[in-house]
Amino acid sequence: MSTETLAKTPLHALHLELGARMVPFAGYDMPVQYPLGVLKEHLHTREQAGLFDVSHMGQIILRGENAARALETLVPVDIVDLPAGMQRYAMFTDENGGILDDLMVANTGEFLFLVVNAACKEQDLAHLQKHIGNQCQIESLFESRALLALQGPKAVDVLSRLAPEVAKMTFMQFARVTLQGVDCFVSRSGYTGEDGYEISVPVEQAERLARTLLAEPEVQPIGLGARDSLRLEAGLCLYGHDMSTATTPIEASLTWAISKARRADGARAGGFPGAERIFAQQHDGVASKRVGLLPQERVPVREGAEIVDADGNVIGQVCSGGFGPTLGAPVAMGYVQAAKTALDSDVWALVRGKRVPMKVAKTPFVPQRYYRG
Amino acid sequence: MSELRFTVDHEWLRLEADGLVTVGITPFAQDALGDVVFVQLPELRGYAAGEEVAVLESVKAASNIVMPLEGEVVEVNGELEGSPERVNEAPLTDGWFFRFRPVDASAVAGLLDQEAYDRLLQANAHA
């Protein structure tokens, strides 16, 4: 793909100026790493603070008094009782209970604010318009707002220099915050397992805000390479790899994300696409599910590697894998036959024809360090 | 003889006084790969030119090291198993991969010299 066909985020010129190595990702020309390199960017984020440009992701507003009820018809998540000032993880399901995309939903008090994956955003927007377009107003912010993530234990120190009130926010809280005189949407959340913030800022002011944050001594720019290794160590799913329309939330081990109110015995049970299949799986179990895997040798085990049992029978496949810089060892996640998923079970990955021993492990691989107050 | 020769696969070779050839990857290659986290070294045996002999895993991806010329691998740099980062830190010295006895030692001189390799890099940069 030539770079001419790729879209650019509002920070594209800044990435080039910072010496980023750019790669095509979800139709965008994105920084995979800066001169620091993936390994050091990863470690820096866990120790200090990293700034990520995630402006390629889709931001959508749903307005209207029926918006929450309408959105609930597309996700197995409690949106109606999502308090103002809170954000919640959700996923769009299809008629088979497969996952169309995963997303964040915030209740701003005035409207619902959604953040969806870059590769799915046009499809998600069409999905919303088709199914609930007559029940609420849907506003795409794809062209009007950028999204920055400031992640790491020092993120709170850095951002509170611009707006002291963000220090009081706790994990998954959402607030409209004025940063440099600009109305921003800020949530205390992220995709690294660390404390931090995601900041939605108008496109015109994005570069100024990014430069201000990067000028703080704790902050380094971080590319997609470290974003992937950070989220993998944190046990967080990547859409299209660890889940897809071929997997339900139950198979993807995301049962925790199905709100109590929407479960088979909940106050507003079902009413989302694929509910019958998802409830049946919750009741009867699944044939295979996503688990954490710790390779017992130094060789990274990557996406697509077959997983076999002691007798060499294929029992699964790796969906994400690589080297975990904080752990100093390879980490992976994979879909494995449910009967073989007990913690500490021995399984093997086939890497270039060789069997690499792995243990079924709990995720996250490194402790999550969210700020819960 | 200590003059380096290069391949289009961004490997360097040096014909040593004892007739063995040392092989590593170039600074350009290590920079393109990014942080190396695992090295699978060759077996001590004969390989055909172009055959895959080793694997380098960076944080991002796996890459193959191919045998630059036909010959027998007689020594590997075991230090890389515990310290794969040496490939990034010192690609032309401590980060060497293996030594082999070439079937035809004169073929080494037929590979790219520094000037030709630099031209290749420039051509790639402008591609």
# chains A, B, ... in the order shown; residues from 1 in each chain; ligands from 1
>>> interface_residues(of="chain A", to="chain B", cutoff="12 Å", atoms="only C-alpha atoms", output="MDAnalysis selection string")
chainID A and resid 2 21:22 32:42 223:230 297:303 320:325 328:331 351:352 354
>>> select_by_dssp(residues="chain B", states="strand (DSSP E or B)", output="ChimeraX atom specification")
/B:4-6,11-15,21-25,36-40,46-47,52-58,62-66,71-76,98-102,112
>>> atom_distance(atom1="atom CA of A:Pro295", atom2="atom CA of A:Val314")
16.7 Å
>>> closest_residue(among="B:Leu111, B:Leu92, B:Leu121, B:Leu41", to="B:Ile25", atoms="only C-alpha atoms")
B:Leu92
>>> residues_around(residues="B:Glu72", least_positions_apart="4", cutoff="8 Å", atoms="only C-alpha atoms", output="PDB file with N, CA and C atoms, in the first residue's frame")
ATOM      1  N   LEU B  44      25.597 -27.074  13.986  1.00  0.00           N
ATOM      2  CA  LEU B  44      26.957 -27.223  13.441  1.00  0.00           C
ATOM      3  C   LEU B  44      26.920 -28.297  12.360  1.00  0.00           C
ATOM      4  N   ARG B  45      26.705 -27.847  11.121  1.00  0.00           N
ATOM      5  CA  ARG B  45      26.629 -28.777   9.990  1.00  0.00           C
ATOM      6  C   ARG B  45      26.724 -27.969   8.706  1.00  0.00           C
ATOM      7  N   GLY B  46      26.717 -28.677   7.580  1.00  0.00           N
ATOM      8  CA  GLY B  46      26.786 -28.014   6.293  1.00  0.00           C
ATOM      9  C   GLY B  46      25.447 -27.435   5.870  1.00  0.00           C
ATOM     10  N   TYR B  47      25.498 -26.289   5.213  1.00  0.00           N
ATOM     11  CA  TYR B  47      24.293 -25.645   4.694  1.00  0.00           C
ATOM     12  C   TYR B  47      24.544 -25.206   3.255  1.00  0.00           C
ATOM     13  N   PHE B 100      31.659 -20.125   9.566  1.00  0.00           N
ATOM     14  CA  PHE B 100      31.535 -21.320   8.721  1.00  0.00           C
ATOM     15  C   PHE B 100      32.770 -21.472   7.839  1.00  0.00           C
ATOM     16  N   ARG B 101      32.984 -22.754   7.426  1.00  0.00           N
ATOM     17  CA  ARG B 101      34.080 -23.054   6.505  1.00  0.00           C
ATOM     18  C   ARG B 101      33.467 -23.094   5.110  1.00  0.00           C
ATOM     19  N   PRO B 102      33.799 -22.099   4.266  1.00  0.00           N
ATOM     20  CA  PRO B 102      33.170 -22.053   2.946  1.00  0.00           C
ATOM     21  C   PRO B 102      33.716 -23.144   2.024  1.00  0.00           C
ATOM     22  N   VAL B 103      32.841 -23.637   1.158  1.00  0.00           N
ATOM     23  CA  VAL B 103      33.279 -24.597   0.138  1.00  0.00           C
ATOM     24  C   VAL B 103      34.245 -23.907  -0.819  1.00  0.00           C
TER      25      VAL B 103
END
>>> atom_distance(atom1="atom CA of A:Ala7", atom2="atom CA of A:Pro24")
9.1 Å
>>> closest_residue(among="A:Glu65, A:Glu207, A:Leu293, A:Pro153", to="A:Glu17", atoms="only C-alpha atoms")
A:Glu207
>>> select_by_dssp(residues="stretch 73-167 of chain A", states="alpha helix (DSSP H)", output="PyMOL selection string")
chain A and resi 121-132+155-162
>>> write_last_selection(atoms="N, CA and C atoms", output="PDB file, in the first residue's frame")
ATOM      1  N   LYS A 121     -14.420   1.312  12.524  1.00  0.00           N
ATOM      2  CA  LYS A 121     -15.232   2.486  12.877  1.00  0.00           C
ATOM      3  C   LYS A 121     -16.312   2.808  11.858  1.00  0.00           C
ATOM      4  N   GLU A 122     -16.012   2.665  10.565  1.00  0.00           N
ATOM      5  CA  GLU A 122     -17.040   2.973   9.561  1.00  0.00           C
ATOM      6  C   GLU A 122     -18.188   1.961   9.660  1.00  0.00           C
ATOM      7  N   GLN A 123     -17.798   0.706   9.842  1.00  0.00           N
ATOM      8  CA  GLN A 123     -18.786  -0.363   9.986  1.00  0.00           C
ATOM      9  C   GLN A 123     -19.618  -0.178  11.256  1.00  0.00           C
ATOM     10  N   ASP A 124     -18.961   0.241  12.341  1.00  0.00           N
ATOM     11  CA  ASP A 124     -19.686   0.486  13.600  1.00  0.00           C
ATOM     12  C   ASP A 124     -20.687   1.631  13.439  1.00  0.00           C
ATOM     13  N   LEU A 125     -20.244   2.680  12.768  1.00  0.00           N
ATOM     14  CA  LEU A 125     -21.125   3.828  12.555  1.00  0.00           C
ATOM     15  C   LEU A 125     -22.352   3.407  11.744  1.00  0.00           C
ATOM     16  N   ALA A 126     -22.123   2.617  10.695  1.00  0.00           N
ATOM     17  CA  ALA A 126     -23.234   2.131   9.860  1.00  0.00           C
ATOM     18  C   ALA A 126     -24.161   1.226  10.669  1.00  0.00           C
ATOM     19  N   HIS A 127     -23.558   0.400  11.521  1.00  0.00           N
ATOM     20  CA  HIS A 127     -24.305  -0.513  12.387  1.00  0.00           C
ATOM     21  C   HIS A 127     -25.228   0.281  13.312  1.00  0.00           C
ATOM     22  N   LEU A 128     -24.682   1.322  13.925  1.00  0.00           N
ATOM     23  CA  LEU A 128     -25.475   2.174  14.825  1.00  0.00           C
ATOM     24  C   LEU A 128     -26.599   2.851  14.053  1.00  0.00           C
ATOM     25  N   GLN A 129     -26.263   3.405  12.889  1.00  0.00           N
ATOM     26  CA  GLN A 129     -27.275   4.126  12.112  1.00  0.00           C
ATOM     27  C   GLN A 129     -28.397   3.195  11.670  1.00  0.00           C
ATOM     28  N   LYS A 130     -28.007   1.990  11.253  1.00  0.00           N
ATOM     29  CA  LYS A 130     -29.004   1.040  10.762  1.00  0.00           C
ATOM     30  C   LYS A 130     -29.962   0.607  11.878  1.00  0.00           C
ATOM     31  N   HIS A 131     -29.408   0.312  13.045  1.00  0.00           N
ATOM     32  CA  HIS A 131     -30.226  -0.304  14.091  1.00  0.00           C
ATOM     33  C   HIS A 131     -30.854   0.684  15.059  1.00  0.00           C
ATOM     34  N   ILE A 132     -30.182   1.789  15.356  1.00  0.00           N
ATOM     35  CA  ILE A 132     -30.743   2.707  16.360  1.00  0.00           C
ATOM     36  C   ILE A 132     -30.767   4.149  15.861  1.00  0.00           C
ATOM     37  N   ALA A 155       1.572   9.646  34.789  1.00  0.00           N
ATOM     38  CA  ALA A 155       0.578  10.352  33.979  1.00  0.00           C
ATOM     39  C   ALA A 155      -0.228  11.333  34.827  1.00  0.00           C
ATOM     40  N   VAL A 156      -0.556  10.914  36.050  1.00  0.00           N
ATOM     41  CA  VAL A 156      -1.361  11.781  36.920  1.00  0.00           C
ATOM     42  C   VAL A 156      -0.604  13.061  37.266  1.00  0.00           C
ATOM     43  N   ASP A 157       0.691  12.957  37.547  1.00  0.00           N
ATOM     44  CA  ASP A 157       1.479  14.153  37.869  1.00  0.00           C
ATOM     45  C   ASP A 157       1.508  15.109  36.687  1.00  0.00           C
ATOM     46  N   VAL A 158       1.692  14.534  35.505  1.00  0.00           N
ATOM     47  CA  VAL A 158       1.833  15.348  34.298  1.00  0.00           C
ATOM     48  C   VAL A 158       0.519  16.051  33.968  1.00  0.00           C
ATOM     49  N   LEU A 159      -0.570  15.282  33.914  1.00  0.00           N
ATOM     50  CA  LEU A 159      -1.823  15.891  33.466  1.00  0.00           C
ATOM     51  C   LEU A 159      -2.386  16.840  34.514  1.00  0.00           C
ATOM     52  N   SER A 160      -2.133  16.565  35.796  1.00  0.00           N
ATOM     53  CA  SER A 160      -2.682  17.452  36.820  1.00  0.00           C
ATOM     54  C   SER A 160      -1.962  18.804  36.843  1.00  0.00           C
ATOM     55  N   ARG A 161      -0.809  18.907  36.178  1.00  0.00           N
ATOM     56  CA  ARG A 161      -0.182  20.228  36.031  1.00  0.00           C
ATOM     57  C   ARG A 161      -1.031  21.128  35.126  1.00  0.00           C
ATOM     58  N   LEU A 162      -1.743  20.507  34.193  1.00  0.00           N
ATOM     59  CA  LEU A 162      -2.608  21.282  33.293  1.00  0.00           C
ATOM     60  C   LEU A 162      -4.004  21.464  33.888  1.00  0.00           C
TER      61      LEU A 162
END
>>> residues_around(residues="A:Ala275", least_positions_apart="2", cutoff="10 Å", atoms="only C-alpha atoms", output="list of chain:residue names")
A:Val75, A:Pro76, A:Thr93, A:Asp94, A:Glu95, A:Asn96, A:Gly97, A:Arg262, A:Arg263, A:Ala264, A:Ala269, A:Gly270, A:Gly271, A:Phe272, A:Pro273, A:Arg277, A:Ile278, A:Phe279, A:Ala280, A:Gln281
>>> residues_around(residues="A:Phe365", least_positions_apart="4", cutoff="8 Å", atoms="only C-alpha atoms", output="JSON, numbers by chain")
{"A": [233, 234, 235, 292, 327, 331, 361]}
>>> atom_distance(atom1="atom CA of A:Val291", atom2="atom CA of A:Gly240")
16.2 Å
>>> residues_around(residues="A:Ala68", least_positions_apart="5", cutoff="9 Å", atoms="only C-alpha atoms", output="list in words")
Leu62, Arg63, Asp78, Ile79, Val80, Asp81, Leu82, Asn107, Phe111, Leu112 and Cys136 of chain A
>>> closest_residue(among="A:Gly353, A:Pro221, A:Gly190, A:Gly98", to="A:Ala20", atoms="only C-alpha atoms")
A:Pro221
>>> closest_residue(among="A:Met30, A:Met358, A:Leu294, A:Val116", to="A:Phe142", atoms="only C-alpha atoms")
A:Val116
